[in-house]
Amino acid sequence: EVRLPPRENPSRKEKKELSDADIDYIRGLVIYEDEDVIALNKPQGLAVQGGTKTERHIDGLLDGLMNKKGIRPRLVHRLDKDTSGVLLLAKSAQVAKTLGNFFKGRDVKKIYWALISPVPEIYEGTIKAPLLKAGGTNKERMKIDPEEGKFALTDYQVLDVAGGEVAFVAFWPRTGRTHQIRAHAEYMGSPILGDTKYARREIVHEHENIYLDGLELSKNLHLHARRVILPHPGRKGQMLDLFAPLPPALLVSWKKLGFETN
(Lines give C-alpha, C1' and ligand atoms only; values in the text may rest on other atoms or scores of the structure.)
Protein backbone atom coordinates (compact mmCIF):
# COMPACT_ATOMS: atom_id res chain seq x y z
CA GLU A 1 0.00 0.00 0.00
CA VAL A 2 1.37 3.37 -0.97
CA ARG A 3 -0.06 6.63 0.36
CA LEU A 4 0.72 10.00 -1.19
CA PRO A 5 -0.04 12.85 1.20
CA PRO A 6 -2.18 15.69 -0.22
CA ARG A 7 -0.01 18.42 -1.64
CA GLU A 8 -0.51 21.59 -3.62
CA ASN A 9 0.68 21.44 -7.19
CA PRO A 10 2.54 24.70 -7.84
CA SER A 11 2.51 24.09 -11.59
CA ARG A 12 -1.27 23.94 -11.80
CA LYS A 13 -2.78 27.34 -12.49
CA GLU A 14 -5.86 28.27 -10.55
CA LYS A 15 -8.95 28.45 -12.69
CA LYS A 16 -9.76 32.07 -13.38
CA GLU A 17 -13.28 33.27 -12.83
CA LEU A 18 -14.88 34.81 -15.89
CA SER A 19 -15.37 38.54 -15.95
CA ASP A 20 -18.73 40.11 -16.77
CA ALA A 21 -17.24 41.05 -20.15
CA ASP A 22 -16.30 37.40 -20.83
CA ILE A 23 -19.80 36.23 -19.90
CA ASP A 24 -21.41 38.85 -22.13
CA TYR A 25 -19.04 37.87 -24.94
CA ILE A 26 -19.79 34.13 -24.91
CA ARG A 27 -23.53 34.76 -24.51
CA GLY A 28 -23.39 37.12 -27.47
CA LEU A 29 -22.23 34.23 -29.67
CA VAL A 30 -25.39 32.16 -29.03
CA ILE A 31 -27.56 31.78 -32.15
CA TYR A 32 -29.85 28.99 -30.86
CA GLU A 33 -30.71 27.41 -27.51
CA ASP A 34 -33.24 24.91 -26.19
CA GLU A 35 -33.41 22.44 -23.31
CA ASP A 36 -30.76 20.14 -24.83
CA VAL A 37 -28.39 22.12 -27.05
CA ILE A 38 -26.75 25.49 -27.57
CA ALA A 39 -25.40 26.65 -30.95
CA LEU A 40 -22.74 29.34 -31.20
CA ASN A 41 -21.53 31.36 -34.16
CA LYS A 42 -17.81 30.92 -33.47
CA PRO A 43 -15.73 33.91 -34.56
CA GLN A 44 -12.52 33.60 -36.55
CA GLY A 45 -9.29 33.64 -34.56
CA LEU A 46 -10.79 32.08 -31.42
CA ALA A 47 -9.73 28.49 -30.74
CA VAL A 48 -12.28 25.92 -29.61
CA GLN A 49 -9.93 24.38 -27.04
CA GLY A 50 -6.72 25.40 -25.31
CA GLY A 51 -3.21 24.40 -26.30
CA THR A 52 0.33 25.70 -26.40
CA LYS A 53 0.24 29.50 -26.09
CA THR A 54 -3.58 29.43 -26.36
CA GLU A 55 -5.09 30.85 -23.18
CA ARG A 56 -8.39 32.23 -24.51
CA HIS A 57 -10.71 29.71 -26.14
CA ILE A 58 -14.36 28.63 -26.31
CA ASP A 59 -13.92 25.79 -23.80
CA GLY A 60 -12.51 28.23 -21.26
CA LEU A 61 -15.52 30.52 -21.63
CA LEU A 62 -18.26 27.91 -21.24
CA ASP A 63 -18.80 28.67 -17.56
CA GLY A 64 -20.55 31.78 -18.85
CA LEU A 65 -23.27 29.54 -20.31
CA MET A 66 -23.98 27.48 -17.18
CA ASN A 67 -27.63 27.04 -16.30
CA LYS A 68 -29.27 27.78 -12.93
CA LYS A 69 -28.25 24.33 -11.67
CA GLY A 70 -24.60 25.07 -12.41
CA ILE A 71 -24.42 22.59 -15.29
CA ARG A 72 -21.80 23.58 -17.83
CA PRO A 73 -22.39 22.86 -21.56
CA ARG A 74 -20.01 20.46 -23.32
CA LEU A 75 -18.24 20.58 -26.66
CA VAL A 76 -19.28 17.86 -29.11
CA HIS A 77 -17.24 18.79 -32.20
CA ARG A 78 -14.59 21.30 -33.26
CA LEU A 79 -13.82 24.00 -35.81
CA ASP A 80 -10.38 25.25 -36.81
CA LYS A 81 -9.25 28.40 -35.03
CA ASP A 82 -9.42 30.38 -38.30
CA THR A 83 -12.83 29.00 -39.32
CA SER A 84 -16.02 30.74 -38.23
CA GLY A 85 -19.54 29.39 -38.00
CA VAL A 86 -21.92 26.95 -36.30
CA LEU A 87 -20.49 25.24 -33.21
CA LEU A 88 -22.80 22.93 -31.28
CA LEU A 89 -22.77 22.38 -27.49
CA ALA A 90 -24.58 19.79 -25.38
CA LYS A 91 -26.32 20.66 -22.12
CA SER A 92 -25.80 17.24 -20.51
CA ALA A 93 -23.52 14.21 -20.68
CA GLN A 94 -26.27 12.10 -22.29
CA VAL A 95 -26.94 14.68 -25.01
CA ALA A 96 -23.18 15.01 -25.58
CA LYS A 97 -22.95 11.24 -26.10
CA THR A 98 -25.90 11.23 -28.50
CA LEU A 99 -24.53 14.15 -30.52
CA GLY A 100 -21.07 12.59 -30.54
CA ASN A 101 -22.53 9.46 -32.12
CA PHE A 102 -24.37 11.60 -34.68
CA PHE A 103 -21.15 13.35 -35.70
CA LYS A 104 -19.27 10.06 -35.95
CA GLY A 105 -21.92 8.58 -38.23
CA ARG A 106 -23.81 9.90 -41.24
CA ASP A 107 -26.52 11.72 -39.31
CA VAL A 108 -25.03 15.22 -39.60
CA LYS A 109 -24.91 17.38 -42.72
CA LYS A 110 -22.40 20.23 -42.44
CA ILE A 111 -22.36 22.88 -45.16
CA TYR A 112 -19.40 25.24 -45.37
CA TRP A 113 -19.19 28.39 -47.48
CA ALA A 114 -15.86 29.35 -49.03
CA LEU A 115 -14.31 31.60 -51.62
CA ILE A 116 -11.71 29.84 -53.75
CA SER A 117 -9.47 30.91 -56.61
CA PRO A 118 -9.06 30.17 -59.45
CA VAL A 119 -12.51 28.92 -60.44
CA PRO A 120 -12.42 25.10 -60.63
CA GLU A 121 -12.78 23.54 -64.05
CA ILE A 122 -15.63 21.30 -62.83
CA TYR A 123 -18.46 23.17 -61.07
CA GLU A 124 -19.90 20.28 -59.07
CA GLY A 125 -18.43 17.05 -57.85
CA THR A 126 -16.67 15.05 -55.19
CA ILE A 127 -13.07 15.23 -54.02
CA LYS A 128 -11.77 11.88 -52.83
CA ALA A 129 -8.23 12.16 -51.49
CA PRO A 130 -6.80 10.41 -48.39
CA LEU A 131 -5.22 12.74 -45.81
CA LEU A 132 -2.20 12.29 -43.57
CA LYS A 133 -0.32 14.65 -41.24
CA ALA A 134 2.55 16.15 -43.22
CA GLY A 135 4.99 16.16 -40.29
CA GLY A 136 8.22 18.13 -40.37
CA THR A 137 8.27 21.77 -39.33
CA ASN A 138 4.58 22.35 -40.02
CA LYS A 139 3.00 19.70 -37.80
CA GLU A 140 -0.58 20.89 -38.30
CA ARG A 141 -0.52 20.69 -42.10
CA MET A 142 -2.21 17.76 -43.84
CA LYS A 143 -1.08 16.21 -47.10
CA ILE A 144 -2.60 13.91 -49.69
CA ASP A 145 -1.24 10.39 -49.23
CA PRO A 146 -2.96 7.64 -51.26
CA GLU A 147 -1.05 4.88 -49.47
CA GLU A 148 -1.05 5.80 -45.78
CA GLY A 149 -3.65 8.60 -45.60
CA LYS A 150 -7.06 8.24 -43.96
CA PHE A 151 -10.09 8.11 -46.26
CA ALA A 152 -11.50 11.63 -46.88
CA LEU A 153 -14.45 12.63 -49.06
CA THR A 154 -15.80 16.12 -49.78
CA ASP A 155 -18.75 17.09 -51.98
CA TYR A 156 -18.72 20.59 -53.46
CA GLN A 157 -20.81 22.86 -55.66
CA VAL A 158 -19.96 26.23 -57.21
CA LEU A 159 -22.79 28.64 -56.37
CA ASP A 160 -21.50 31.75 -58.16
CA VAL A 161 -18.45 33.14 -59.95
CA ALA A 162 -16.90 36.63 -59.98
CA GLY A 163 -14.74 37.87 -62.83
CA GLY A 164 -13.86 34.36 -63.91
CA GLU A 165 -11.35 34.27 -61.05
CA VAL A 166 -13.17 33.67 -57.74
CA ALA A 167 -15.80 31.04 -57.01
CA PHE A 168 -18.30 31.04 -54.16
CA VAL A 169 -18.51 27.37 -53.22
CA ALA A 170 -20.53 25.22 -50.83
CA PHE A 171 -18.57 22.29 -49.38
CA TRP A 172 -20.04 19.25 -47.65
CA PRO A 173 -17.30 17.20 -45.93
CA ARG A 174 -18.63 13.65 -45.78
CA THR A 175 -15.77 12.66 -43.47
CA GLY A 176 -14.29 14.71 -40.62
CA ARG A 177 -10.54 14.85 -41.15
CA THR A 178 -8.38 17.71 -39.86
CA HIS A 179 -8.26 20.63 -42.35
CA GLN A 180 -10.17 18.44 -44.82
CA ILE A 181 -11.84 21.20 -46.85
CA ARG A 182 -8.69 23.32 -46.94
CA ALA A 183 -6.49 20.46 -48.09
CA HIS A 184 -9.04 19.24 -50.65
CA ALA A 185 -9.52 22.73 -52.09
CA GLU A 186 -5.76 22.99 -52.60
CA TYR A 187 -5.67 19.51 -54.14
CA MET A 188 -8.38 20.59 -56.58
CA GLY A 189 -6.10 23.44 -57.65
CA SER A 190 -8.30 26.15 -56.13
CA PRO A 191 -7.15 26.99 -52.59
CA ILE A 192 -9.35 29.02 -50.25
CA LEU A 193 -8.69 32.77 -50.22
CA GLY A 194 -6.65 33.83 -47.21
CA ASP A 195 -5.38 30.31 -46.50
CA THR A 196 -1.66 30.75 -45.82
CA LYS A 197 -1.26 27.10 -44.83
CA TYR A 198 -2.73 25.59 -48.01
CA ALA A 199 -1.98 28.18 -50.69
CA ARG A 200 0.14 26.00 -52.97
CA ARG A 201 -1.47 24.74 -56.17
CA GLU A 202 -0.69 21.21 -57.23
CA ILE A 203 -2.66 21.77 -60.45
CA VAL A 204 -1.19 24.68 -62.42
CA HIS A 205 -3.64 27.09 -64.09
CA GLU A 206 -2.53 29.41 -66.87
CA HIS A 207 -4.28 32.57 -65.67
CA GLU A 208 -3.49 34.75 -62.65
CA ASN A 209 -5.69 36.60 -60.16
CA ILE A 210 -5.74 39.90 -62.05
CA TYR A 211 -9.39 40.38 -61.04
CA LEU A 212 -8.49 40.51 -57.35
CA ASP A 213 -5.94 43.35 -57.67
CA GLY A 214 -7.09 46.48 -55.85
CA LEU A 215 -10.18 44.92 -54.27
CA GLU A 216 -8.59 44.93 -50.80
CA LEU A 217 -10.36 41.78 -49.63
CA SER A 218 -9.94 40.54 -46.07
CA LYS A 219 -6.77 38.55 -45.40
CA ASN A 220 -8.79 36.17 -43.19
CA LEU A 221 -9.43 32.58 -44.18
CA HIS A 222 -12.58 32.67 -46.34
CA LEU A 223 -14.13 29.54 -44.86
CA HIS A 224 -17.33 29.58 -42.80
CA ALA A 225 -19.38 26.76 -41.25
CA ARG A 226 -22.66 28.08 -42.59
CA ARG A 227 -25.17 25.37 -41.75
CA VAL A 228 -25.58 22.20 -39.66
CA ILE A 229 -28.51 19.82 -40.12
CA LEU A 230 -29.01 16.88 -37.75
CA PRO A 231 -31.65 14.98 -35.75
CA HIS A 232 -32.63 16.68 -32.51
CA PRO A 233 -30.99 14.69 -29.65
CA GLY A 234 -33.99 15.02 -27.35
CA ARG A 235 -37.03 15.38 -29.61
CA LYS A 236 -37.68 12.20 -31.54
CA GLY A 237 -38.56 12.78 -35.18
CA GLN A 238 -37.51 16.45 -35.17
CA MET A 239 -34.55 17.94 -37.03
CA LEU A 240 -32.26 20.82 -36.09
CA ASP A 241 -31.37 23.13 -38.99
CA LEU A 242 -28.94 25.79 -37.75
CA PHE A 243 -27.56 28.75 -39.72
CA ALA A 244 -24.72 31.13 -38.84
CA PRO A 245 -24.37 34.51 -40.59
CA LEU A 246 -21.02 35.43 -42.12
CA PRO A 247 -18.61 37.32 -39.82
CA PRO A 248 -18.07 41.01 -40.69
CA ALA A 249 -14.65 40.53 -42.32
CA LEU A 250 -15.94 37.85 -44.71
CA LEU A 251 -19.20 39.69 -45.33
CA VAL A 252 -17.16 42.54 -46.85
CA SER A 253 -15.50 40.15 -49.31
CA TRP A 254 -18.80 38.51 -50.30
CA LYS A 255 -20.36 41.91 -50.97
CA LYS A 256 -17.35 43.32 -52.86
CA LEU A 257 -17.45 40.31 -55.18
CA GLY A 258 -21.21 40.62 -55.65
CA PHE A 259 -22.15 37.29 -54.02
CA GLU A 260 -25.46 36.69 -52.27
CA THR A 261 -25.14 36.32 -48.50
CA ASN A 262 -28.63 35.04 -47.60
# chains A, B, ... in the order shown; residues from 1 in each chain; ligands from 1
call {"tool": "residues_around", "arguments": {"residues": "A:Ile111", "least_positions_apart": "6", "cutoff": "7 Å", "atoms": "only C-alpha atoms", "output": "number ranges by chain"}}
result
A: 170-172, 225-228
call {"tool": "write_last_selection", "arguments": {"atoms": "all heavy atoms", "output": "PDB file, in the first residue's frame"}}
result
ATOM      1  N   ALA A 170     -20.018  25.922 -52.001  1.00  0.00           N
ATOM      2  CA  ALA A 170     -20.526  25.218 -50.826  1.00  0.00           C
ATOM      3  C   ALA A 170     -19.827  23.865 -50.754  1.00  0.00           C
ATOM      4  O   ALA A 170     -19.806  23.121 -51.737  1.00  0.00           O
ATOM      5  CB  ALA A 170     -22.030  25.029 -50.926  1.00  0.00           C
ATOM      6  N   PHE A 171     -19.235  23.570 -49.609  1.00  0.00           N
ATOM      7  CA  PHE A 171     -18.571  22.287 -49.378  1.00  0.00           C
ATOM      8  C   PHE A 171     -19.372  21.469 -48.368  1.00  0.00           C
ATOM      9  O   PHE A 171     -19.887  22.011 -47.386  1.00  0.00           O
ATOM     10  CB  PHE A 171     -17.166  22.497 -48.804  1.00  0.00           C
ATOM     11  CG  PHE A 171     -16.142  22.985 -49.804  1.00  0.00           C
ATOM     12  CD1 PHE A 171     -15.750  24.315 -49.817  1.00  0.00           C
ATOM     13  CD2 PHE A 171     -15.551  22.110 -50.702  1.00  0.00           C
ATOM     14  CE1 PHE A 171     -14.799  24.763 -50.716  1.00  0.00           C
ATOM     15  CE2 PHE A 171     -14.597  22.545 -51.599  1.00  0.00           C
ATOM     16  CZ  PHE A 171     -14.221  23.884 -51.614  1.00  0.00           C
ATOM     17  N   TRP A 172     -19.440  20.182 -48.610  1.00  0.00           N
ATOM     18  CA  TRP A 172     -20.037  19.247 -47.654  1.00  0.00           C
ATOM     19  C   TRP A 172     -19.014  18.156 -47.372  1.00  0.00           C
ATOM     20  O   TRP A 172     -18.871  17.214 -48.148  1.00  0.00           O
ATOM     21  CB  TRP A 172     -21.322  18.651 -48.213  1.00  0.00           C
ATOM     22  CG  TRP A 172     -21.974  17.632 -47.303  1.00  0.00           C
ATOM     23  CD1 TRP A 172     -21.626  17.308 -46.022  1.00  0.00           C
ATOM     24  CD2 TRP A 172     -23.100  16.791 -47.620  1.00  0.00           C
ATOM     25  NE1 TRP A 172     -22.450  16.337 -45.510  1.00  0.00           N
ATOM     26  CE2 TRP A 172     -23.363  15.998 -46.457  1.00  0.00           C
ATOM     27  CE3 TRP A 172     -23.905  16.645 -48.741  1.00  0.00           C
ATOM     28  CZ2 TRP A 172     -24.400  15.056 -46.420  1.00  0.00           C
ATOM     29  CZ3 TRP A 172     -24.942  15.711 -48.698  1.00  0.00           C
ATOM     30  CH2 TRP A 172     -25.189  14.925 -47.555  1.00  0.00           C
ATOM     31  N   ALA A 225     -18.432  27.863 -41.489  1.00  0.00           N
ATOM     32  CA  ALA A 225     -19.383  26.762 -41.255  1.00  0.00           C
ATOM     33  C   ALA A 225     -20.788  27.347 -41.243  1.00  0.00           C
ATOM     34  O   ALA A 225     -21.289  27.780 -40.211  1.00  0.00           O
ATOM     35  CB  ALA A 225     -19.062  26.064 -39.939  1.00  0.00           C
ATOM     36  N   ARG A 226     -21.406  27.367 -42.395  1.00  0.00           N
ATOM     37  CA  ARG A 226     -22.662  28.082 -42.594  1.00  0.00           C
ATOM     38  C   ARG A 226     -23.872  27.389 -41.966  1.00  0.00           C
ATOM     39  O   ARG A 226     -24.738  28.014 -41.396  1.00  0.00           O
ATOM     40  CB  ARG A 226     -22.889  28.260 -44.103  1.00  0.00           C
ATOM     41  CG  ARG A 226     -24.270  28.700 -44.521  1.00  0.00           C
ATOM     42  CD  ARG A 226     -24.609  30.084 -44.042  1.00  0.00           C
ATOM     43  NE  ARG A 226     -25.899  30.538 -44.598  1.00  0.00           N
ATOM     44  CZ  ARG A 226     -26.492  31.664 -44.252  1.00  0.00           C
ATOM     45  NH1 ARG A 226     -25.923  32.460 -43.369  1.00  0.00           N
ATOM     46  NH2 ARG A 226     -27.642  32.011 -44.784  1.00  0.00           N
ATOM     47  N   ARG A 227     -23.925  26.054 -42.082  1.00  0.00           N
ATOM     48  CA  ARG A 227     -25.172  25.370 -41.745  1.00  0.00           C
ATOM     49  C   ARG A 227     -24.895  23.963 -41.205  1.00  0.00           C
ATOM     50  O   ARG A 227     -24.012  23.265 -41.705  1.00  0.00           O
ATOM     51  CB  ARG A 227     -26.036  25.289 -42.999  1.00  0.00           C
ATOM     52  CG  ARG A 227     -27.438  24.762 -42.814  1.00  0.00           C
ATOM     53  CD  ARG A 227     -28.176  24.822 -44.148  1.00  0.00           C
ATOM     54  NE  ARG A 227     -29.550  24.353 -44.043  1.00  0.00           N
ATOM     55  CZ  ARG A 227     -30.367  24.200 -45.083  1.00  0.00           C
ATOM     56  NH1 ARG A 227     -29.949  24.493 -46.298  1.00  0.00           N
ATOM     57  NH2 ARG A 227     -31.597  23.773 -44.906  1.00  0.00           N
ATOM     58  N   VAL A 228     -25.656  23.564 -40.191  1.00  0.00           N
ATOM     59  CA  VAL A 228     -25.577  22.201 -39.661  1.00  0.00           C
ATOM     60  C   VAL A 228     -26.996  21.650 -39.561  1.00  0.00           C
ATOM     61  O   VAL A 228     -27.866  22.276 -38.966  1.00  0.00           O
ATOM     62  CB  VAL A 228     -24.895  22.162 -38.279  1.00  0.00           C
ATOM     63  CG1 VAL A 228     -24.945  20.757 -37.693  1.00  0.00           C
ATOM     64  CG2 VAL A 228     -23.445  22.624 -38.368  1.00  0.00           C
TER      65      VAL A 228
END
call {"tool": "select_by_dssp", "arguments": {"residues": "stretch 63-181 of chain A", "states": "strand (DSSP E or B)", "output": "PyMOL selection string"}}
result
chain A and resi 74-75+84-90+109-116+124-128+131-133+142-144+150+153-162+166-173
call {"tool": "residues_around", "arguments": {"residues": "A:Ile58", "least_positions_apart": "3", "cutoff": "9 Å", "atoms": "only C-alpha atoms", "output": "ChimeraX atom specification"}}
result
/A:26,42,46-50,61-62,75
call {"tool": "atom_distance", "arguments": {"atom1": "atom CA of A:Leu215", "atom2": "atom CA of A:Trp113"}}
result
20.0 Å
call {"tool": "residues_around", "arguments": {"residues": "stretch 79-83 of chain A", "least_positions_apart": "4", "cutoff": "12 Å", "atoms": "only C-alpha atoms", "output": "ChimeraX atom specification"}}
result
/A:40-51,54,56-58,75,87-88,110,112-114,140,176-182,192,194-197,219-226,246-247,250
call {"tool": "residues_around", "arguments": {"residues": "A:Lys128", "least_positions_apart": "3", "cutoff": "12 Å", "atoms": "only C-alpha atoms", "output": "PDB file with N, CA, C and O atoms, in the first residue's frame"}}
result
ATOM      1  N   GLY A 125     -19.006  18.386 -57.888  1.00  0.00           N
ATOM      2  CA  GLY A 125     -18.427  17.051 -57.854  1.00  0.00           C
ATOM      3  C   GLY A 125     -18.011  16.622 -56.469  1.00  0.00           C
ATOM      4  O   GLY A 125     -18.441  17.181 -55.466  1.00  0.00           O
ATOM      5  N   LEU A 131      -6.005  11.702 -46.479  1.00  0.00           N
ATOM      6  CA  LEU A 131      -5.217  12.740 -45.809  1.00  0.00           C
ATOM      7  C   LEU A 131      -4.358  12.150 -44.686  1.00  0.00           C
ATOM      8  O   LEU A 131      -4.789  11.267 -43.949  1.00  0.00           O
ATOM      9  N   ILE A 144      -1.938  15.020 -48.993  1.00  0.00           N
ATOM     10  CA  ILE A 144      -2.598  13.910 -49.687  1.00  0.00           C
ATOM     11  C   ILE A 144      -1.633  12.732 -49.728  1.00  0.00           C
ATOM     12  O   ILE A 144      -0.509  12.870 -50.190  1.00  0.00           O
ATOM     13  N   ASP A 145      -2.086  11.592 -49.237  1.00  0.00           N
ATOM     14  CA  ASP A 145      -1.240  10.394 -49.234  1.00  0.00           C
ATOM     15  C   ASP A 145      -2.100   9.177 -49.562  1.00  0.00           C
ATOM     16  O   ASP A 145      -2.778   8.628 -48.692  1.00  0.00           O
ATOM     17  N   PRO A 146      -2.107   8.760 -50.831  1.00  0.00           N
ATOM     18  CA  PRO A 146      -2.963   7.642 -51.263  1.00  0.00           C
ATOM     19  C   PRO A 146      -2.661   6.332 -50.555  1.00  0.00           C
ATOM     20  O   PRO A 146      -3.530   5.466 -50.447  1.00  0.00           O
ATOM     21  N   GLY A 149      -2.672   7.621 -46.063  1.00  0.00           N
ATOM     22  CA  GLY A 149      -3.649   8.598 -45.601  1.00  0.00           C
ATOM     23  C   GLY A 149      -4.981   7.972 -45.218  1.00  0.00           C
ATOM     24  O   GLY A 149      -5.335   6.884 -45.677  1.00  0.00           O
ATOM     25  N   LYS A 150      -5.722   8.681 -44.359  1.00  0.00           N
ATOM     26  CA  LYS A 150      -7.057   8.244 -43.964  1.00  0.00           C
ATOM     27  C   LYS A 150      -8.076   8.694 -45.008  1.00  0.00           C
ATOM     28  O   LYS A 150      -7.980   9.791 -45.547  1.00  0.00           O
ATOM     29  N   PHE A 151      -9.049   7.846 -45.266  1.00  0.00           N
ATOM     30  CA  PHE A 151     -10.091   8.114 -46.260  1.00  0.00           C
ATOM     31  C   PHE A 151     -10.756   9.462 -45.985  1.00  0.00           C
ATOM     32  O   PHE A 151     -11.152   9.754 -44.859  1.00  0.00           O
ATOM     33  N   ALA A 152     -10.870  10.305 -47.019  1.00  0.00           N
ATOM     34  CA  ALA A 152     -11.496  11.629 -46.878  1.00  0.00           C
ATOM     35  C   ALA A 152     -12.290  11.941 -48.135  1.00  0.00           C
ATOM     36  O   ALA A 152     -11.781  11.804 -49.258  1.00  0.00           O
ATOM     37  N   LEU A 153     -13.538  12.387 -47.939  1.00  0.00           N
ATOM     38  CA  LEU A 153     -14.448  12.627 -49.062  1.00  0.00           C
ATOM     39  C   LEU A 153     -15.169  13.953 -48.857  1.00  0.00           C
ATOM     40  O   LEU A 153     -15.738  14.199 -47.790  1.00  0.00           O
ATOM     41  N   THR A 154     -15.147  14.816 -49.867  1.00  0.00           N
ATOM     42  CA  THR A 154     -15.802  16.122 -49.784  1.00  0.00           C
ATOM     43  C   THR A 154     -16.614  16.383 -51.042  1.00  0.00           C
ATOM     44  O   THR A 154     -16.074  16.348 -52.153  1.00  0.00           O
ATOM     45  N   ASP A 155     -17.915  16.654 -50.865  1.00  0.00           N
ATOM     46  CA  ASP A 155     -18.749  17.092 -51.979  1.00  0.00           C
ATOM     47  C   ASP A 155     -18.651  18.613 -52.080  1.00  0.00           C
ATOM     48  O   ASP A 155     -18.503  19.305 -51.068  1.00  0.00           O
ATOM     49  N   TYR A 156     -18.756  19.137 -53.298  1.00  0.00           N
ATOM     50  CA  TYR A 156     -18.721  20.593 -53.463  1.00  0.00           C
ATOM     51  C   TYR A 156     -19.603  21.019 -54.623  1.00  0.00           C
ATOM     52  O   TYR A 156     -19.901  20.235 -55.529  1.00  0.00           O
ATOM     53  N   PRO A 173     -18.260  18.259 -46.265  1.00  0.00           N
ATOM     54  CA  PRO A 173     -17.300  17.196 -45.934  1.00  0.00           C
ATOM     55  C   PRO A 173     -18.032  15.955 -45.430  1.00  0.00           C
ATOM     56  O   PRO A 173     -18.686  15.999 -44.392  1.00  0.00           O
ATOM     57  N   ARG A 174     -17.920  14.868 -46.165  1.00  0.00           N
ATOM     58  CA  ARG A 174     -18.626  13.646 -45.780  1.00  0.00           C
ATOM     59  C   ARG A 174     -17.862  12.878 -44.701  1.00  0.00           C
ATOM     60  O   ARG A 174     -18.404  11.988 -44.059  1.00  0.00           O
ATOM     61  N   THR A 175     -16.575  13.195 -44.556  1.00  0.00           N
ATOM     62  CA  THR A 175     -15.765  12.658 -43.468  1.00  0.00           C
ATOM     63  C   THR A 175     -15.250  13.853 -42.664  1.00  0.00           C
ATOM     64  O   THR A 175     -15.361  14.992 -43.108  1.00  0.00           O
ATOM     65  N   GLN A 180      -9.759  19.180 -43.618  1.00  0.00           N
ATOM     66  CA  GLN A 180     -10.166  18.438 -44.818  1.00  0.00           C
ATOM     67  C   GLN A 180     -10.532  19.343 -45.989  1.00  0.00           C
ATOM     68  O   GLN A 180     -10.039  19.160 -47.106  1.00  0.00           O
ATOM     69  N   ILE A 181     -11.401  20.330 -45.748  1.00  0.00           N
ATOM     70  CA  ILE A 181     -11.841  21.199 -46.847  1.00  0.00           C
ATOM     71  C   ILE A 181     -10.669  22.004 -47.396  1.00  0.00           C
ATOM     72  O   ILE A 181     -10.508  22.143 -48.616  1.00  0.00           O
ATOM     73  N   ALA A 183      -7.421  21.305 -47.348  1.00  0.00           N
ATOM     74  CA  ALA A 183      -6.495  20.457 -48.092  1.00  0.00           C
ATOM     75  C   ALA A 183      -7.092  19.992 -49.421  1.00  0.00           C
ATOM     76  O   ALA A 183      -6.412  19.935 -50.444  1.00  0.00           O
ATOM     77  N   HIS A 184      -8.384  19.689 -49.426  1.00  0.00           N
ATOM     78  CA  HIS A 184      -9.042  19.235 -50.651  1.00  0.00           C
ATOM     79  C   HIS A 184      -9.191  20.367 -51.662  1.00  0.00           C
ATOM     80  O   HIS A 184      -9.106  20.146 -52.873  1.00  0.00           O
ATOM     81  N   ALA A 185      -9.440  21.591 -51.174  1.00  0.00           N
ATOM     82  CA  ALA A 185      -9.519  22.732 -52.090  1.00  0.00           C
ATOM     83  C   ALA A 185      -8.178  22.957 -52.780  1.00  0.00           C
ATOM     84  O   ALA A 185      -8.099  23.200 -53.985  1.00  0.00           O
ATOM     85  N   TYR A 187      -5.877  20.658 -53.254  1.00  0.00           N
ATOM     86  CA  TYR A 187      -5.669  19.505 -54.137  1.00  0.00           C
ATOM     87  C   TYR A 187      -6.417  19.679 -55.451  1.00  0.00           C
ATOM     88  O   TYR A 187      -5.942  19.265 -56.514  1.00  0.00           O
ATOM     89  N   MET A 188      -7.590  20.327 -55.387  1.00  0.00           N
ATOM     90  CA  MET A 188      -8.383  20.589 -56.584  1.00  0.00           C
ATOM     91  C   MET A 188      -7.738  21.663 -57.460  1.00  0.00           C
ATOM     92  O   MET A 188      -8.110  21.854 -58.609  1.00  0.00           O
TER      93      MET A 188
END
call {"tool": "atom_distance", "arguments": {"atom1": "atom CA of A:Lys109", "atom2": "atom CA of A:Leu240"}}
result
10.5 Å
call {"tool": "select_by_dssp", "arguments": {"residues": "stretch 112-205 of chain A", "states": "alpha helix (DSSP H)", "output": "MDAnalysis selection string"}}
result
chainID A and resid 180:187
call {"tool": "residues_around", "arguments": {"residues": "A:Arg74", "least_positions_apart": "5", "cutoff": "9 Å", "atoms": "only C-alpha atoms", "output": "MDAnalysis selection string"}}
result
chainID A and resid 59 62 88:93 96
call {"tool": "closest_residue", "arguments": {"among": "A:Arg235, A:Lys143, A:Lys133, A:Arg106", "to": "A:Asp36", "atoms": "only C-alpha atoms"}}
result
A:Arg235
call {"tool": "atom_distance", "arguments": {"atom1": "atom CA of A:Asp34", "atom2": "atom CA of A:Gly234"}}
result
10.0 Å
